[in-house]
>>> print(open('structure-v4.tsv').read())   # TSV, C-alpha atoms
chain	number	residue	atom	x	y	z
A	277	MET	CA	32.22	36.85	18.71
A	278	LEU	CA	28.82	35.79	20.06
A	279	SER	CA	27.25	36.15	16.58
A	280	ILE	CA	29.91	33.85	15.08
A	281	ILE	CA	29.14	31.16	17.69
A	282	ILE	CA	25.40	31.43	17.02
A	283	ILE	CA	25.92	31.13	13.26
A	284	ALA	CA	28.16	28.07	13.76
A	285	LEU	CA	25.50	26.40	15.93
A	286	LEU	CA	22.79	27.10	13.34
A	287	VAL	CA	24.95	25.64	10.56
A	288	HIS	CA	25.60	22.55	12.68
A	289	LEU	CA	21.87	22.08	13.35
A	290	LEU	CA	21.08	22.56	9.66
A	291	ILE	CA	23.61	19.94	8.62
A	292	GLU	CA	22.37	17.51	11.26
A	293	ALA	CA	18.73	17.97	10.18
A	294	SER	CA	19.57	17.58	6.51
A	295	VAL	CA	21.13	14.14	6.98
A	296	SER	CA	18.53	12.64	9.36
A	297	PHE	CA	16.76	9.48	8.26
A	298	THR	CA	14.35	6.81	9.49
A	299	VAL	CA	14.88	3.04	9.41
A	300	VAL	CA	11.79	1.27	8.00
A	301	VAL	CA	10.84	-2.44	8.15
A	302	PRO	CA	7.62	-4.36	7.34
A	303	ARG	CA	4.90	-4.32	10.00
A	304	ASP	CA	4.05	-8.00	9.58
A	305	GLN	CA	6.32	-10.82	10.68
A	306	ILE	CA	8.36	-12.69	8.05
A	307	VAL	CA	7.53	-16.42	7.79
A	308	ALA	CA	9.98	-19.03	6.40
A	309	HIS	CA	10.63	-22.73	6.90
A	310	VAL	CA	13.65	-24.62	8.24
A	311	GLY	CA	16.49	-24.95	5.74
A	312	SER	CA	15.32	-22.17	3.43
A	313	THR	CA	16.77	-18.74	2.61
A	314	VAL	CA	14.88	-15.62	3.71
A	315	THR	CA	15.16	-11.87	3.15
A	316	LEU	CA	14.54	-9.54	6.10
A	317	PRO	CA	13.63	-6.20	4.43
A	318	CYS	CA	15.00	-2.97	5.88
A	319	TRP	CA	15.56	0.42	4.26
A	320	ILE	CA	16.06	4.06	5.15
A	321	THR	CA	13.80	6.96	4.24
A	322	PRO	CA	14.21	9.40	2.72
A	323	PRO	CA	16.37	7.20	0.45
A	324	GLU	CA	20.07	8.00	0.42
A	325	ASN	CA	23.31	6.21	-0.44
A	326	ALA	CA	24.08	3.88	2.48
A	327	GLU	CA	27.50	2.73	1.25
A	328	ALA	CA	29.27	5.11	3.67
A	329	LEU	CA	26.99	4.32	6.65
A	330	GLU	CA	27.39	1.73	9.40
A	331	ILE	CA	24.89	-1.15	9.14
A	332	ARG	CA	24.48	-3.57	12.01
A	333	TRP	CA	22.04	-6.49	12.25
A	334	TYR	CA	21.89	-8.08	15.70
A	335	ARG	CA	19.72	-10.29	17.93
A	336	HIS	CA	18.17	-9.30	21.25
A	337	ASP	CA	20.79	-7.38	23.28
A	338	GLN	CA	23.79	-8.71	21.33
A	339	PHE	CA	24.74	-5.33	19.82
A	340	SER	CA	28.46	-6.03	20.13
A	341	ASN	CA	28.13	-9.57	18.71
A	342	PRO	CA	26.15	-8.88	15.50
A	343	VAL	CA	24.57	-11.17	12.94
A	344	LEU	CA	26.14	-8.94	10.25
A	345	PHE	CA	28.33	-5.84	10.56
A	346	TYR	CA	28.98	-3.49	7.60
A	347	GLN	CA	31.40	-0.58	7.99
A	348	HIS	CA	33.87	1.39	5.85
A	349	GLY	CA	32.28	0.08	2.65
A	350	LYS	CA	32.53	-3.66	3.39
A	351	ILE	CA	31.24	-6.45	5.65
A	352	GLN	CA	33.49	-6.82	8.70
A	353	ASP	CA	34.67	-10.05	10.35
A	354	LEU	CA	32.98	-9.20	13.67
A	355	GLN	CA	30.05	-11.65	13.76
A	356	GLU	CA	28.17	-14.10	15.97
A	357	GLU	CA	29.66	-17.50	15.15
A	358	SER	CA	26.35	-19.26	14.44
A	359	TYR	CA	25.68	-16.83	11.55
A	360	ARG	CA	29.09	-17.06	9.87
A	361	ASN	CA	28.84	-17.87	6.12
A	362	ARG	CA	25.03	-17.60	6.34
A	363	THR	CA	24.40	-13.86	6.01
A	364	SER	CA	24.79	-11.12	3.40
A	365	LEU	CA	23.22	-7.80	2.36
A	366	THR	CA	20.61	-8.21	-0.38
A	367	LEU	CA	17.81	-6.45	-2.31
A	368	ARG	CA	14.35	-6.26	-0.77
A	369	SER	CA	12.73	-6.30	-4.25
A	370	ASP	CA	13.63	-6.47	-7.95
A	371	GLN	CA	13.11	-2.70	-8.19
A	372	SER	CA	15.54	-1.93	-5.35
A	373	GLY	CA	18.74	-0.02	-6.07
A	374	GLY	CA	20.56	-1.71	-3.19
A	375	LEU	CA	22.83	0.21	-0.83
A	376	LYS	CA	22.95	3.19	-3.19
A	377	ASP	CA	19.17	3.50	-2.70
A	378	GLY	CA	19.24	3.03	1.07
A	379	ASP	CA	18.31	-0.68	0.95
A	380	VAL	CA	20.07	-2.48	3.84
A	381	SER	CA	18.07	-5.74	3.79
A	382	LEU	CA	19.56	-8.92	5.27
A	383	GLN	CA	19.65	-12.33	3.55
A	384	LEU	CA	19.80	-15.28	5.94
A	385	GLU	CA	20.51	-18.79	4.63
A	386	LYS	CA	20.08	-22.34	5.99
A	387	LEU	CA	17.43	-21.35	8.52
A	388	THR	CA	17.15	-23.21	11.83
A	389	VAL	CA	14.50	-23.13	14.54
A	390	GLN	CA	16.97	-21.11	16.66
A	391	ASP	CA	16.69	-18.26	14.12
A	392	GLU	CA	13.11	-17.52	15.15
A	393	GLY	CA	12.55	-14.20	16.89
A	394	SER	CA	13.53	-10.56	16.55
A	395	PHE	CA	16.30	-9.13	14.37
A	396	HIS	CA	17.35	-5.49	14.90
A	397	CYS	CA	18.31	-3.39	11.87
A	398	TYR	CA	20.58	-0.52	13.04
A	399	VAL	CA	21.92	2.16	10.67
A	400	SER	CA	24.14	5.06	11.72
A	401	GLY	CA	26.03	7.92	10.09
A	402	ASP	CA	28.15	10.79	11.31
A	403	THR	CA	25.25	12.78	12.78
A	404	ALA	CA	22.22	10.48	12.73
A	405	TYR	CA	21.19	6.93	13.57
A	406	ASP	CA	18.02	4.85	13.84
A	407	SER	CA	16.96	1.23	14.23
A	408	SER	CA	13.91	-0.96	13.84
A	409	LYS	CA	12.95	-4.58	14.51
A	410	VAL	CA	11.95	-7.41	12.13
A	411	VAL	CA	10.22	-10.51	13.53
A	412	LEU	CA	11.04	-13.87	11.90
A	413	LYS	CA	8.73	-16.88	12.30
A	414	ILE	CA	10.18	-20.32	11.50
A	415	THR	CA	8.00	-23.27	10.45
A	416	GLU	CA	9.24	-26.84	10.40
A	417	LEU	CA	8.91	-29.14	7.40
A	418	SER	CA	6.91	-32.33	7.89
A	419	SER	CA	8.95	-35.56	8.11
A	420	SER	CA	5.99	-37.97	8.03
A	421	SER	CA	5.59	-40.93	5.70
A	422	ASP	CA	3.19	-39.01	3.51
A	423	PRO	CA	3.86	-39.90	-0.17
A	424	LEU	CA	4.10	-36.20	-0.95
A	425	VAL	CA	7.15	-35.91	1.34
A	426	SER	CA	9.62	-37.97	-0.61
A	427	SER	CA	13.33	-37.97	-1.27
A	428	ASP	CA	12.49	-38.46	-4.96
A	429	PRO	CA	11.96	-34.93	-6.40
A	430	TRP	CA	10.12	-36.25	-9.48
A	431	LYS	CA	7.64	-38.12	-7.32
A	432	THR	CA	7.07	-35.06	-5.14
A	433	ALA	CA	6.60	-32.84	-8.19
A	434	PHE	CA	4.08	-35.28	-9.72
A	435	PHE	CA	1.90	-35.41	-6.61
A	436	THR	CA	2.13	-31.65	-6.18
A	437	LEU	CA	0.98	-31.02	-9.76
A	438	LEU	CA	-1.80	-33.57	-9.36
A	439	ILE	CA	-3.15	-31.84	-6.26
A	440	PHE	CA	-3.01	-28.41	-7.91
A	441	ALA	CA	-4.81	-29.79	-10.98
A	442	LEU	CA	-7.58	-31.29	-8.83
A	443	LEU	CA	-7.94	-28.09	-6.80
A	444	GLY	CA	-8.10	-26.05	-9.99
A	445	LEU	CA	-10.81	-28.32	-11.41
A	446	VAL	CA	-12.88	-28.06	-8.23
A	447	GLY	CA	-12.45	-24.29	-8.21
A	448	LEU	CA	-13.52	-24.02	-11.85
A	449	ILE	CA	-16.66	-26.07	-11.18
A	450	LEU	CA	-17.55	-23.98	-8.13
A	451	TYR	CA	-16.98	-20.73	-10.03
A	452	LYS	CA	-19.08	-21.89	-13.00
A	453	TYR	CA	-22.07	-22.76	-10.80
A	454	ARG	CA	-21.59	-20.05	-8.15
A	455	HIS	CA	-24.92	-18.35	-8.95
A	456	LYS	CA	-26.84	-21.57	-8.38
A	457	LEU	CA	-24.94	-22.28	-5.17
A	458	THR	CA	-25.33	-18.81	-3.62
A	459	GLY	CA	-28.42	-17.47	-5.37
A	460	LYS	CA	-26.71	-14.12	-6.01
A	461	LYS	CA	-23.75	-12.56	-7.75
A	462	PRO	CA	-20.41	-12.46	-5.93
A	463	ALA	CA	-20.24	-9.42	-3.60
A	464	ASN	CA	-16.98	-8.15	-5.08
A	465	GLN	CA	-18.43	-7.87	-8.58
A	466	ASN	CA	-21.41	-5.60	-7.94
A	467	TYR	CA	-21.34	-1.99	-9.01
A	468	GLU	CA	-23.85	0.71	-9.82
A	469	LEU	CA	-23.04	3.51	-12.25
A	470	GLY	CA	-24.49	6.98	-11.93
A	471	ALA	CA	-25.34	7.00	-15.65
A	472	MET	CA	-26.37	3.38	-16.24
A	473	LYS	CA	-28.44	2.83	-19.37
A	474	ASN	CA	-32.21	2.48	-18.96
A	475	ARG	CA	-32.11	3.60	-15.34
A	476	LYS	CA	-33.53	6.70	-13.64
A	477	VAL	CA	-30.82	8.31	-11.52
A	478	VAL	CA	-30.93	11.02	-8.87
A	479	GLU	CA	-28.83	13.60	-10.73
A	480	ASP	CA	-28.22	16.21	-8.03
A	481	ILE	CA	-26.52	15.05	-4.83
A	482	ASN	CA	-26.78	16.90	-1.53
A	483	ILE	CA	-23.08	17.38	-0.75
A	484	GLU	CA	-23.94	18.83	2.65
A	485	GLU	CA	-25.53	15.52	3.64
A	486	LEU	CA	-22.37	13.68	2.61
A	487	ARG	CA	-20.16	16.08	4.58
A	488	LYS	CA	-21.97	15.16	7.79
A	489	HIS	CA	-19.85	12.00	7.61
A	490	ALA	CA	-16.59	13.85	6.84
A	491	VAL	CA	-13.40	12.63	8.53
A	492	GLN	CA	-9.87	14.04	8.63
A	493	ILE	CA	-7.54	11.98	6.42
A	494	THR	CA	-3.74	12.18	6.43
A	495	ILE	CA	-1.10	10.11	4.65
A	496	ASP	CA	0.73	7.31	6.48
A	497	HIS	CA	4.32	7.84	5.28
A	498	GLU	CA	5.53	4.54	6.77
A	499	CYS	CA	3.15	2.47	4.62
A	500	SER	CA	3.47	4.51	1.41
A	501	HIS	CA	5.78	3.82	-1.53
A	502	PRO	CA	9.21	5.46	-1.04
A	503	ASP	CA	8.90	7.23	-4.41
A	504	VAL	CA	5.70	9.02	-3.36
A	505	MET	CA	6.51	12.57	-2.21
A	506	ILE	CA	4.31	13.59	0.74
A	507	ILE	CA	3.86	17.35	1.29
A	508	LYS	CA	1.58	19.94	2.93
A	509	ASN	CA	1.08	18.39	6.38
A	510	TYR	CA	0.69	14.85	5.04
A	511	LYS	CA	-2.29	15.96	2.91
A	512	SER	CA	-0.79	16.09	-0.61
A	513	VAL	CA	1.11	13.54	-2.72
A	514	ARG	CA	2.84	13.40	-6.08
A	515	GLU	CA	5.61	11.37	-7.69
A	516	ALA	CA	9.13	12.08	-6.40
A	517	PRO	CA	11.57	13.67	-8.89
A	518	ARG	CA	13.81	10.60	-8.60
A	519	TYR	CA	11.03	8.18	-9.59
A	520	LYS	CA	11.68	6.23	-12.79
A	521	PRO	CA	8.66	4.35	-14.22
A	522	THR	CA	9.23	0.62	-14.64
A	523	GLY	CA	7.01	0.42	-17.73
A	524	GLU	CA	4.76	2.36	-20.08
A	525	GLY	CA	1.50	1.70	-18.22
A	526	PHE	CA	-0.03	3.29	-15.13
A	527	PRO	CA	2.42	3.31	-12.15
A	528	TYR	CA	0.33	1.11	-9.85
A	529	GLU	CA	3.22	0.76	-7.40
A	530	LEU	CA	3.08	4.49	-6.43
A	531	CYS	CA	0.48	3.92	-3.74
A	532	ALA	CA	0.01	6.01	-0.60
A	533	PHE	CA	-2.33	5.00	2.22
A	534	GLY	CA	-4.31	6.96	4.75
A	535	ALA	CA	-3.18	6.83	8.37
A	536	GLN	CA	-6.78	6.24	9.46
A	537	ARG	CA	-8.30	2.73	9.69
A	538	PHE	CA	-12.05	1.97	9.55
A	539	THR	CA	-13.94	-1.11	10.76
A	540	SER	CA	-17.52	0.23	10.83
A	541	GLY	CA	-19.73	3.21	10.05
A	542	ARG	CA	-19.83	5.82	7.26
A	543	HIS	CA	-16.78	7.92	6.42
A	544	TYR	CA	-16.47	10.65	3.78
A	545	TRP	CA	-13.49	12.57	2.37
A	546	GLU	CA	-12.77	14.80	-0.64
A	547	VAL	CA	-9.73	14.97	-2.92
A	548	SER	CA	-8.66	17.89	-5.12
A	549	LEU	CA	-7.50	16.86	-8.60
A	550	ALA	CA	-6.70	20.31	-10.03
A	551	ARG	CA	-4.89	23.45	-8.97
A	552	GLU	CA	-6.29	26.88	-9.73
A	553	ASN	CA	-5.98	27.83	-13.42
A	554	THR	CA	-4.78	24.34	-14.37
A	555	ASP	CA	-6.50	21.44	-16.10
A	556	PRO	CA	-7.68	18.51	-13.93
A	557	LYS	CA	-5.21	15.68	-13.37
A	558	ASN	CA	-5.22	12.99	-16.04
A	559	TYR	CA	-3.62	10.26	-13.96
A	560	TRP	CA	-4.79	9.18	-10.49
A	561	LEU	CA	-6.17	6.26	-8.49
A	562	ILE	CA	-8.42	6.69	-5.44
A	563	GLY	CA	-10.25	4.17	-3.25
A	564	VAL	CA	-9.65	1.98	-0.18
A	565	ALA	CA	-7.45	-1.01	0.64
A	566	LYS	CA	-7.57	-3.67	3.31
A	567	ASP	CA	-5.11	-3.15	6.16
A	568	GLY	CA	-2.13	-5.50	5.89
A	569	HIS	CA	-2.20	-5.49	2.07
A	570	PHE	CA	0.08	-2.44	1.76
A	571	THR	CA	2.72	-3.96	-0.50
A	572	ASP	CA	4.00	-3.06	-3.97
A	573	LYS	CA	2.04	-5.09	-6.50
A	574	ASP	CA	1.37	-5.21	-10.21
A	575	ARG	CA	-2.02	-4.48	-11.78
A	576	SER	CA	-3.15	-8.13	-11.78
A	577	ALA	CA	-3.01	-8.23	-7.96
A	578	LEU	CA	-5.00	-5.04	-7.35
A	579	THR	CA	-8.45	-6.65	-7.25
A	580	PRO	CA	-11.31	-6.69	-4.71
A	581	SER	CA	-10.51	-10.30	-3.83
A	582	ASN	CA	-7.03	-9.11	-2.80
A	583	GLY	CA	-8.38	-6.21	-0.72
A	584	TYR	CA	-8.36	-3.28	-3.18
A	585	TRP	CA	-11.34	-1.21	-4.35
A	586	PHE	CA	-10.71	1.91	-6.45
A	587	LEU	CA	-11.58	4.23	-9.33
A	588	CYS	CA	-8.67	4.96	-11.70
A	589	SER	CA	-8.07	7.68	-14.31
A	590	ASP	CA	-5.45	6.48	-16.82
A	591	GLY	CA	-5.15	9.52	-19.07
A	592	PRO	CA	-6.24	8.89	-22.68
A	593	LYS	CA	-7.15	5.29	-21.76
A	594	GLY	CA	-10.07	6.66	-19.73
A	595	PHE	CA	-11.61	5.72	-16.40
A	596	TYR	CA	-12.24	2.27	-14.93
A	597	ILE	CA	-13.00	0.46	-11.68
A	598	ASN	CA	-10.96	-2.57	-10.66
A	599	THR	CA	-13.64	-5.22	-10.78
A	600	ASP	CA	-12.63	-8.56	-12.31
A	601	PRO	CA	-12.65	-8.01	-15.23
A	602	PRO	CA	-12.21	-4.17	-15.02
A	603	VAL	CA	-15.16	-2.01	-16.14
A	604	LYS	CA	-14.42	1.08	-18.26
A	605	LEU	CA	-16.45	4.24	-17.59
A	606	SER	CA	-17.25	7.46	-19.41
A	607	LEU	CA	-17.12	10.34	-16.91
A	608	THR	CA	-17.82	13.79	-18.32
A	609	PRO	CA	-16.70	16.31	-17.33
A	610	ARG	CA	-13.41	15.10	-15.86
A	611	PRO	CA	-13.66	15.46	-12.03
A	612	GLU	CA	-11.77	18.35	-10.46
A	613	GLN	CA	-12.84	17.44	-6.93
A	614	LEU	CA	-13.73	13.87	-6.03
A	615	GLY	CA	-15.85	12.85	-3.06
A	616	VAL	CA	-15.48	9.36	-1.55
A	617	LEU	CA	-18.01	7.76	0.81
A	618	LEU	CA	-17.11	4.50	2.57
A	619	ASP	CA	-20.16	2.77	4.04
A	620	TYR	CA	-18.44	-0.12	5.81
A	621	ASP	CA	-21.51	-1.76	7.34
A	622	ASP	CA	-23.51	-1.78	4.07
A	623	GLY	CA	-20.44	-2.77	2.02
A	624	GLN	CA	-20.48	0.22	-0.34
A	625	LEU	CA	-17.79	2.52	-1.73
A	626	SER	CA	-19.25	5.52	-3.63
A	627	PHE	CA	-17.64	8.26	-5.71
A	628	TYR	CA	-18.99	11.76	-6.43
A	629	ASN	CA	-18.11	14.70	-8.67
A	630	VAL	CA	-18.29	17.37	-5.95
A	631	LYS	CA	-18.31	20.48	-8.18
A	632	GLU	CA	-21.00	19.02	-10.46
A	633	LYS	CA	-22.88	17.50	-7.47
A	634	LYS	CA	-23.18	14.18	-9.32
A	635	HIS	CA	-23.08	10.59	-8.12
A	636	LEU	CA	-20.56	8.78	-10.35
A	637	LEU	CA	-20.77	5.16	-9.19
A	638	THR	CA	-21.04	2.82	-6.22
A	639	MET	CA	-19.05	-0.40	-5.75
A	640	SER	CA	-20.63	-3.07	-3.53
A	641	THR	CA	-18.63	-5.62	-1.57
A	642	ARG	CA	-18.32	-7.22	1.87
A	643	PHE	CA	-15.59	-5.58	3.95
A	644	THR	CA	-13.73	-7.59	6.59
A	645	GLY	CA	-11.06	-6.34	8.95
A	646	SER	CA	-9.90	-2.74	8.84
A	647	VAL	CA	-9.58	-0.72	5.62
A	648	ALA	CA	-7.68	2.49	4.87
A	649	PRO	CA	-8.00	5.21	2.21
A	650	LEU	CA	-5.91	4.56	-0.92
A	651	PHE	CA	-4.27	7.21	-3.12
A	652	ASN	CA	-2.00	7.10	-6.17
A	653	PRO	CA	-0.96	10.42	-7.80
A	654	GLY	CA	0.13	8.90	-11.12
A	655	VAL	CA	2.89	10.65	-13.08
A	656	GLY	CA	3.15	13.46	-15.61
A	657	ASP	CA	0.57	15.94	-14.24
A	658	GLN	CA	1.26	19.49	-13.09
A	659	SER	CA	-1.11	19.19	-10.15
A	660	SER	CA	-0.60	17.15	-7.00
A	661	LEU	CA	-3.29	14.94	-5.48
A	662	THR	CA	-4.48	16.78	-2.36
A	663	ILE	CA	-6.77	15.61	0.44
A	664	LEU	CA	-9.11	18.44	1.41
A	665	ASP	CA	-10.48	19.52	4.77
A	666	CYS	CA	-14.22	19.38	4.23
A	667	PRO	CA	-16.14	22.49	5.33
A	668	LYS	CA	-18.70	21.98	8.04
A	669	PRO	CA	-22.10	21.16	6.52
A	670	VAL	CA	-24.76	23.89	6.47
A	671	GLU	CA	-27.63	22.84	8.71
A	672	SER	CA	-30.98	22.92	6.95
A	673	PRO	CA	-34.27	23.41	8.88
A	674	VAL	CA	-35.88	20.79	6.63
A	675	GLU	CA	-34.32	17.34	6.59
A	676	SER	CA	-33.60	16.15	3.05
A	677	ASN	CA	-35.34	13.00	1.87
A	678	GLN	CA	-32.82	12.60	-0.93
A	679	PRO	CA	-30.97	9.24	-0.93
A	680	LEU	CA	-27.42	9.64	0.38
A	681	LEU	CA	-25.86	7.45	-2.29
A	682	GLY	CA	-28.02	8.50	-5.20
A	683	ASN	CA	-29.61	5.05	-5.59
A	684	SER	CA	-31.28	4.16	-8.86
A	685	SER	CA	-34.78	2.93	-9.55
A	686	ASP	CA	-36.09	0.91	-12.44
A	687	ALA	CA	-37.26	2.82	-15.49
>>> encode(input="structure-v4.tsv", output="structure tokens")
Amino acid sequence: MLSIIIIALLVHLLIEASVSFTVVVPRDQIVAHVGSTVTLPCWITPPENAEALEIRWYRHDQFSNPVLFYQHGKIQDLQEESYRNRTSLTLRSDQSGGLKDGDVSLQLEKLTVQDEGSFHCYVSGDTAYDSSKVVLKITELSSSSDPLVSSDPWKTAFFTLLIFALLGLVGLILYKYRHKLTGKKPANQNYELGAMKNRKVVEDINIEELRKHAVQITIDHECSHPDVMIIKNYKSVREAPRYKPTGEGFPYELCAFGAQRFTSGRHYWEVSLARENTDPKNYWLIGVAKDGHFTDKDRSALTPSNGYWFLCSDGPKGFYINTDPPVKLSLTPRPEQLGVLLDYDDGQLSFYNVKEKKHLLTMSTRFTGSVAPLFNPGVGDQSSLTILDCPKPVESPVESNQPLLGNSSDA
């Protein structure tokens, strides 16, 4: 009899654990202006069909008087009166599958200044529940006599286009003569290749020197794309089986970010790109990204000016760095283990082929704010992308005079 009770309890715990989920919302506040329509994103992870769950959006401590209440497969009449006919469930992005994908985002129409503040997203099932908070900031539209603020939409559109045209012209002039104005190339466009033509390069790199700056890196599951599968103690990532590519190119949206943030100093980590007895991965993206820029974006937005710096392997299309325009590289042999050194203070991000002990390239920039490691496992490879625990460096009785970054000198 006792064994039957124990088995029943274990089955109950297994069922409860299998249906647990976490409610996720953006870290940053949502900003919208009076009179507009806004989406407050909220979703559950791991993704599951939320059609049979209870979804409750409410303000402050008004749990029993919700902004929106969904139950038994439909929106219920129970609602705070000021939000009647102004709310609905919506998609947080064009790629969202809606409720069937665990997307429980709220659409709020005809915003007023009273809507500013916190909105709680509460989701519950038979054996699990969770909630999180979205902060909404409301800005007021100007009502001055400025000619741009006009009841005539054609007049407003004309002045708006005129201002954008003038700003674009000024920007074009400044960009064309930027070298004369600054006396140097833009910081985000500098890079140094380990095999640059007509340059003498330090071929062999002292990996032990690099590992003196080694840090432990783990994946931040809250900031990573929901279709990135995180395994092995938050150290390894690959595409989830449910992931369906949105196009034929590289899946730039499948980004995962390190849980660590850096604002100064040197930091080094290594990434394995091949399992034992398998070929190296063909598709991957590794680098750093500015904190607060962790959103799904297309390729055109992943530039240094937008807070992204990385080296990408796009299968048969080869390797490139995301300068503007991108620079294609020839890296032979294909890296099986990649070393990354972030030198925040000197504004350098360097990449190394660890097994070959070669410096591949260094990107130069000017970092501001905190940055985090960036990983994208690509799709179609047998191997996962795995962050390694660097071995402790071997102390040498003679200090090496070799440059840490493998800097070049003129031929």
>>> closest_residue(input="structure-v4.tsv", among="A:Pro609, A:Pro653, A:Gly393, A:Gly311", to="A:Arg335", atoms="all atoms listed in the file")
A:Gly393
>>> residues_around(input="structure-v4.tsv", residues="A:Val513", least_positions_apart="4", cutoff="8 Å", atoms="all atoms listed in the file", output="PDB file with C-alpha atoms, in the coordinates of the input")
ATOM      1  CA  VAL A 504       5.700   9.020  -3.360  1.00  0.00           C
ATOM      2  CA  MET A 505       6.510  12.570  -2.210  1.00  0.00           C
ATOM      3  CA  ILE A 506       4.310  13.590   0.740  1.00  0.00           C
ATOM      4  CA  ILE A 507       3.860  17.350   1.290  1.00  0.00           C
ATOM      5  CA  ALA A 532       0.010   6.010  -0.600  1.00  0.00           C
ATOM      6  CA  ASN A 652      -2.000   7.100  -6.170  1.00  0.00           C
ATOM      7  CA  PRO A 653      -0.960  10.420  -7.800  1.00  0.00           C
ATOM      8  CA  SER A 660      -0.600  17.150  -7.000  1.00  0.00           C
ATOM      9  CA  LEU A 661      -3.290  14.940  -5.480  1.00  0.00           C
ATOM     10  CA  THR A 662      -4.480  16.780  -2.360  1.00  0.00           C
TER      11      THR A 662
END
>>> residues_around(input="structure-v4.tsv", residues="A:Pro317", least_positions_apart="2", cutoff="8 Å", atoms="all atoms listed in the file", output="PyMOL selection string")
chain A and resi 301-302+315+319+367-368+380-382+410
>>> closest_residue(input="structure-v4.tsv", among="A:Asn341, A:Ser394, A:Asn361, A:Gln347", to="A:Leu316", atoms="all atoms listed in the file")
A:Ser394
>>> closest_residue(input="structure-v4.tsv", among="A:Lys488, A:Ile439, A:Thr599, A:Ala326", to="A:Ala577", atoms="all atoms listed in the file")
A:Thr599
>>> atom_distance(input="structure-v4.tsv", atom1="atom CA of A:Gly401", atom2="atom CA of A:Ser372")
21.1 Å
>>> closest_residue(input="structure-v4.tsv", among="A:Asp391, A:Val314, A:Leu587, A:Cys397", to="A:Phe339", atoms="only C-alpha atoms")
A:Cys397
>>> atom_distance(input="structure-v4.tsv", atom1="atom CA of A:Glu327", atom2="atom CA of A:Tyr346")
9.0 Å
>>> residues_around(input="structure-v4.tsv", residues="A:Asp590", least_positions_apart="2", cutoff="7 Å", atoms="only C-alpha atoms", output="ChimeraX atom specification")
/A:526,558-560,588,592-595
>>> axis_aligned_box(input="structure-v4.tsv", around="stretch 647-666 of chain A", padding_each_side="8 Å", output="AutoDock Vina command-line options")
--center_x -5.5 --center_y 9.4 --center_z -5.0 --size_x 33.4 --size_y 36.2 --size_z 37.2
>>> closest_residue(input="structure-v4.tsv", among="A:Thr554, A:Ser408, A:Asn629, A:Gln492", to="A:Gly615", atoms="only C-alpha atoms")
A:Asn629
>>> residues_around(input="structure-v4.tsv", residues="A:Val389", least_positions_apart="6", cutoff="10 Å", atoms="all atoms listed in the file", output="ChimeraX atom specification")
/A:309-311,413-416
>>> atom_distance(input="structure-v4.tsv", atom1="atom CA of A:Asp377", atom2="atom CA of A:Leu354")
24.9 Å
>>> closest_residue(input="structure-v4.tsv", among="A:Ser589, A:Asn553, A:Ser500, A:Ser400", to="A:Arg514", atoms="all atoms listed in the file")
A:Ser500
>>> residues_around(input="structure-v4.tsv", residues="A:Phe538", least_positions_apart="6", cutoff="12 Å", atoms="all atoms listed in the file", output="number ranges by chain")
A: 491, 493, 544, 564-567, 618-621, 643-649
>>> residues_near_point(input="structure-v4.tsv", point="(-9.9, 19.6, -9.6)", cutoff="10 Å", atoms="all atoms listed in the file", output="list in words")
Val547, Ser548, Leu549, Ala550, Arg551, Glu552, Asn553, Thr554, Asp555, Pro556, Lys557, Arg610, Pro611, Glu612, Gln613, Leu614, Asn629, Val630, Lys631, Ser659, Ser660, Leu661 and Thr662 of chain A
